[in-house]
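Everything below belongs to protein_24.pdb, which stores PDB, C-alpha atoms.
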```
MODEL        1
ATOM      1  CA  MET A   1      53.833 -90.107 -76.248
ATOM      2  CA  ASN A   2      52.271 -93.563 -76.649
ATOM      3  CA  ARG A   3      53.744 -94.646 -73.305
ATOM      4  CA  PHE A   4      52.190 -91.555 -71.679
ATOM      5  CA  LYS A   5      48.755 -92.483 -73.071
ATOM      6  CA  GLU A   6      49.161 -96.101 -71.992
ATOM      7  CA  TYR A   7      50.212 -95.194 -68.457
ATOM      8  CA  SER A   8      47.528 -92.514 -68.145
ATOM      9  CA  PHE A   9      44.883 -95.036 -69.149
ATOM     10  CA  ILE A  10      46.218 -97.651 -66.709
ATOM     11  CA  TYR A  11      46.326 -95.092 -63.877
ATOM     12  CA  ALA A  12      42.747 -93.949 -64.540
ATOM     13  CA  LEU A  13      41.520 -97.538 -64.782
ATOM     14  CA  GLY A  14      43.201 -98.431 -61.483
ATOM     15  CA  ALA A  15      41.608 -95.421 -59.814
ATOM     16  CA  ILE A  16      38.149 -96.376 -61.077
ATOM     17  CA  ILE A  17      38.456-100.076 -60.269
ATOM     18  CA  TYR A  18      39.817 -99.507 -56.773
ATOM     19  CA  GLY A  19      37.118 -96.935 -56.028
ATOM     20  CA  ALA A  20      34.487 -99.399 -57.235
ATOM     21  CA  ILE A  21      35.932-102.188 -55.062
ATOM     22  CA  GLU A  22      35.804 -99.947 -51.994
ATOM     23  CA  VAL A  23      32.245 -98.827 -52.670
ATOM     24  CA  THR A  24      31.215-102.461 -53.213
ATOM     25  CA  PHE A  25      32.737-103.748 -49.970
ATOM     26  CA  ARG A  26      32.659-100.707 -47.656
ATOM     27  CA  GLY A  27      29.755 -98.758 -49.106
ATOM     28  CA  PHE A  28      31.886 -95.638 -49.650
ATOM     29  CA  THR A  29      35.342 -94.472 -50.669
ATOM     30  CA  HIS A  30      37.485 -91.358 -50.395
ATOM     31  CA  TRP A  31      39.062 -89.473 -53.281
ATOM     32  CA  THR A  32      42.539 -90.203 -51.916
ATOM     33  CA  MET A  33      41.844 -93.901 -52.355
ATOM     34  CA  ALA A  34      41.136 -93.425 -56.049
ATOM     35  CA  LEU A  35      44.467 -91.617 -56.446
ATOM     36  CA  THR A  36      46.251 -94.338 -54.481
ATOM     37  CA  GLY A  37      44.520 -97.135 -56.393
ATOM     38  CA  GLY A  38      45.549 -95.578 -59.697
ATOM     39  CA  LEU A  39      49.172 -95.322 -58.634
ATOM     40  CA  ALA A  40      49.142 -98.845 -57.199
ATOM     41  CA  TYR A  41      47.794-100.351 -60.414
ATOM     42  CA  LEU A  42      50.212 -98.371 -62.569
ATOM     43  CA  LEU A  43      53.184 -99.566 -60.490
ATOM     44  CA  MET A  44      51.878-103.145 -60.582
ATOM     45  CA  TYR A  45      51.367-102.909 -64.354
ATOM     46  CA  ILE A  46      54.941-101.747 -64.902
ATOM     47  CA  THR A  47      56.333-104.316 -62.464
ATOM     48  CA  ASN A  48      54.417-107.195 -64.068
ATOM     49  CA  PHE A  49      56.193-106.575 -67.377
ATOM     50  CA  ARG A  50      59.598-106.056 -65.793
ATOM     51  CA  ILE A  51      59.423-109.406 -63.976
ATOM     52  CA  ARG A  52      57.201-111.371 -66.346
ATOM     53  CA  SER A  53      59.691-114.242 -66.518
ATOM     54  CA  LYS A  54      59.225-114.790 -62.769
ATOM     55  CA  SER A  55      56.522-116.915 -61.171
ATOM     56  CA  MET A  56      52.999-115.635 -60.648
ATOM     57  CA  LEU A  57      53.551-116.126 -56.922
ATOM     58  CA  LEU A  58      56.406-113.616 -56.994
ATOM     59  CA  ARG A  59      54.370-111.215 -59.137
ATOM     60  CA  CYS A  60      51.507-111.376 -56.618
ATOM     61  CA  LEU A  61      53.922-110.845 -53.716
ATOM     62  CA  CYS A  62      55.267-107.763 -55.506
ATOM     63  CA  GLY A  63      51.722-106.511 -56.082
ATOM     64  CA  SER A  64      50.895-106.967 -52.410
ATOM     65  CA  ALA A  65      54.101-105.178 -51.404
ATOM     66  CA  ILE A  66      53.319-102.266 -53.725
ATOM     67  CA  ILE A  67      49.783-101.834 -52.416
ATOM     68  CA  THR A  68      50.754-102.316 -48.760
ATOM     69  CA  THR A  69      53.608 -99.803 -49.047
ATOM     70  CA  LEU A  70      51.387 -97.203 -50.694
ATOM     71  CA  GLU A  71      48.657 -97.877 -48.147
ATOM     72  CA  PHE A  72      51.121 -97.225 -45.322
ATOM     73  CA  ILE A  73      52.516 -94.018 -46.860
ATOM     74  CA  VAL A  74      49.105 -92.609 -47.790
ATOM     75  CA  GLY A  75      47.636 -93.703 -44.455
ATOM     76  CA  CYS A  76      50.355 -91.910 -42.507
ATOM     77  CA  ILE A  77      49.708 -88.740 -44.502
ATOM     78  CA  VAL A  78      45.917 -88.835 -44.834
ATOM     79  CA  ASN A  79      44.926 -90.493 -41.564
ATOM     80  CA  ARG A  80      47.686 -89.687 -39.114
ATOM     81  CA  HIS A  81      48.940 -86.302 -40.325
ATOM     82  CA  PHE A  82      45.709 -84.773 -41.617
ATOM     83  CA  GLY A  83      43.406 -86.780 -39.341
ATOM     84  CA  LEU A  84      40.881 -87.638 -42.058
ATOM     85  CA  GLY A  85      40.171 -91.103 -40.676
ATOM     86  CA  VAL A  86      39.723 -92.779 -44.049
ATOM     87  CA  TRP A  87      40.573 -96.168 -42.484
ATOM     88  CA  ASP A  88      41.897 -97.560 -39.239
ATOM     89  CA  TYR A  89      43.215-101.084 -38.753
ATOM     90  CA  SER A  90      44.019-100.550 -35.056
ATOM     91  CA  GLU A  91      41.636-103.337 -34.066
ATOM     92  CA  ARG A  92      43.270-105.821 -36.461
ATOM     93  CA  PRO A  93      46.022-108.170 -35.246
ATOM     94  CA  GLY A  94      49.540-107.278 -36.372
ATOM     95  CA  HIS A  95      48.666-103.762 -37.502
ATOM     96  CA  ILE A  96      51.345-101.087 -37.876
ATOM     97  CA  LEU A  97      50.186 -97.660 -36.679
ATOM     98  CA  GLY A  98      46.652 -98.696 -37.643
ATOM     99  CA  GLN A  99      47.507 -98.141 -41.313
ATOM    100  CA  ILE A 100      48.412-101.621 -42.543
ATOM    101  CA  CYS A 101      47.832-105.149 -41.296
ATOM    102  CA  PRO A 102      48.613-108.722 -42.418
ATOM    103  CA  LEU A 103      44.998-109.522 -43.324
ATOM    104  CA  PHE A 104      44.773-106.742 -45.869
ATOM    105  CA  SER A 105      48.263-107.471 -47.221
ATOM    106  CA  PHE A 106      46.997-110.997 -47.888
ATOM    107  CA  LEU A 107      43.886-109.626 -49.593
ATOM    108  CA  TRP A 108      46.127-107.409 -51.759
ATOM    109  CA  PHE A 109      48.096-110.551 -52.639
ATOM    110  CA  LEU A 110      44.885-112.224 -53.844
ATOM    111  CA  LEU A 111      43.827-109.096 -55.735
ATOM    112  CA  SER A 112      47.196-109.017 -57.497
ATOM    113  CA  PHE A 113      46.412-112.140 -59.527
ATOM    114  CA  PRO A 114      43.447-110.734 -61.485
ATOM    115  CA  ALA A 115      45.282-107.390 -61.687
ATOM    116  CA  ALA A 116      48.221-109.137 -63.380
ATOM    117  CA  LEU A 117      45.942-110.952 -65.803
ATOM    118  CA  LEU A 118      44.189-107.700 -66.638
ATOM    119  CA  SER A 119      47.584-106.070 -67.243
ATOM    120  CA  TYR A 120      48.526-108.634 -69.872
ATOM    121  CA  PHE A 121      45.123-108.512 -71.510
ATOM    122  CA  LEU A 122      45.195-104.697 -71.751
ATOM    123  CA  LYS A 123      48.769-104.640 -73.019
ATOM    124  CA  ALA A 124      47.917-107.178 -75.700
ATOM    125  CA  ARG A 125      44.589-105.769 -76.812
ATOM    126  CA  LEU A 126      45.081-102.018 -76.469
ATOM    127  CA  PHE A 127      48.779-101.300 -76.574
ATOM    128  CA  THR A 128      50.319-103.984 -78.822
ATOM    129  CA  PRO A 129      49.223-103.603 -82.471
ATOM    130  CA  GLY A 130      48.498-106.837 -84.304
ATOM    131  CA  CYS A 131      48.565-108.968 -81.189
ATOM    132  CA  ASN A 132      47.332-112.568 -81.406
ATOM    133  CA  LYS A 133      47.036-115.426 -78.886
ATOM    134  CA  SER A 134      50.671-116.489 -79.149
ATOM    135  CA  LYS A 135      51.786-112.886 -78.636
ATOM    136  CA  ILE A 136      49.600-112.669 -75.514
ATOM    137  CA  ARG A 137      51.326-115.781 -74.147
ATOM    138  CA  GLN A 138      54.696-114.174 -74.881
ATOM    139  CA  LEU A 139      53.675-111.001 -73.053
ATOM    140  CA  PHE A 140      52.460-113.049 -70.126
ATOM    141  CA  LEU A 141      55.363-115.451 -69.819
ATOM    142  CA  LYS A 142      58.129-113.701 -71.796
TER     143      LYS A 142
ENDMDL
END
```

What does the file become when written as structure tokens?
Amino acid sequence: MNRFKEYSFIYALGAIIYGAIEVTFRGFTHWTMALTGGLAYLLMYITNFRIRSKSMLLRCLCGSAIITTLEFIVGCIVNRHFGLGVWDYSERPGHILGQICPLFSFLWFLLSFPAALLSYFLKARLFTPGCNKSKIRQLFLK
């Protein structure tokens, strides 16, 4: 049950943060982006702890791959199938079906660094009883 609470919190936080990022940079968001952002952050959170002995570069690449993959799947459903037009990268170089592009994959890579740091902080402070600074380092680096 504790894992369910932890993952529910992480999902909700990811949904809120991603929605806030979109509103900040685009001026609006769509409810499907909150759902996608929550799932993306939850998957990144889980992945960060499964590969915590790996380099931060690899962790950020994994984060970018997670977000880009979800963006493509959700984009094909929301934009192409249902025609909601939430986003369109057709004018961007290297785009695939207008749903993903290298520029945004790179931005997701950059976003993955603070997301990873936040993961370790939350794990240490909220979900690991009696955690101190050395324990945080262990969570972060294994």

Please write as a PyMOL selection string the list of polymer residues whose atoms come within 9 Å of (44.4, -93.9, -56.6), counting only C-alpha atoms and keeping to the coordinates of the file. chain A and resi 11-12+14-16+18-19+31-41

Glu6 (chain A) surroundings by all atoms listed in the file, 10 Å radius, close-in-sequence under 2 positions cut, as a list in words: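 The residues satisfying every condition are Met1, Asn2, Arg3, Phe4, Ser8, Phe9, Ile10, Tyr11, Leu42, Leu122, Lys123, Leu126 and Phe127 of chain A.
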
Output for the residues just chosen: C-alpha atoms as a compact mmCIF listing (two decimals), keeping the file's coordinate frame:
```txt
# COMPACT_ATOMS: atom_id res chain seq x y z
CA MET A 1 53.83 -90.11 -76.25
CA ASN A 2 52.27 -93.56 -76.65
CA ARG A 3 53.74 -94.65 -73.31
CA PHE A 4 52.19 -91.56 -71.68
CA SER A 8 47.53 -92.51 -68.14
CA PHE A 9 44.88 -95.04 -69.15
CA ILE A 10 46.22 -97.65 -66.71
CA TYR A 11 46.33 -95.09 -63.88
CA LEU A 42 50.21 -98.37 -62.57
CA LEU A 122 45.20 -104.70 -71.75
CA LYS A 123 48.77 -104.64 -73.02
CA LEU A 126 45.08 -102.02 -76.47
CA PHE A 127 48.78 -101.30 -76.57
```

Could you give me the centre and size, in Å to one decimal, of an axis-aligned box around all listed atoms of region 44-63 of chain A with 8 Å added on every side, as lines of an AutoDock Vina configuration file?
```
center_x = 55.5
center_y = -109.3
center_z = -60.5
size_x = 24.3
size_y = 31.2
size_z = 29.7
```

Can you turn the PyMOL selection byres ((chain A and resi 64-74) around 6) into a concrete residue list for this file, as a list of chain:residue names?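 After applying the PyMOL selection byres ((chain A and resi 64-74) around 6), what remains is A:Ala40, A:Leu61, A:Cys62, A:Gly63, A:Gly75, A:Cys76, A:Ile77, A:Val78, A:Gln99, A:Ile100, A:Ser105, A:Trp108, A:Phe109.
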
Find the residue from A:Leu107, A:Val86, A:Cys101, A:Cys60 that sits nearest to Arg26 (chain A); use only C-alpha atoms when measuring. A:Val86

Distance of CA of Lys5 (chain A) from CA of Pro114 (chain A), expressed in Å to one decimal place: 22.3 Å
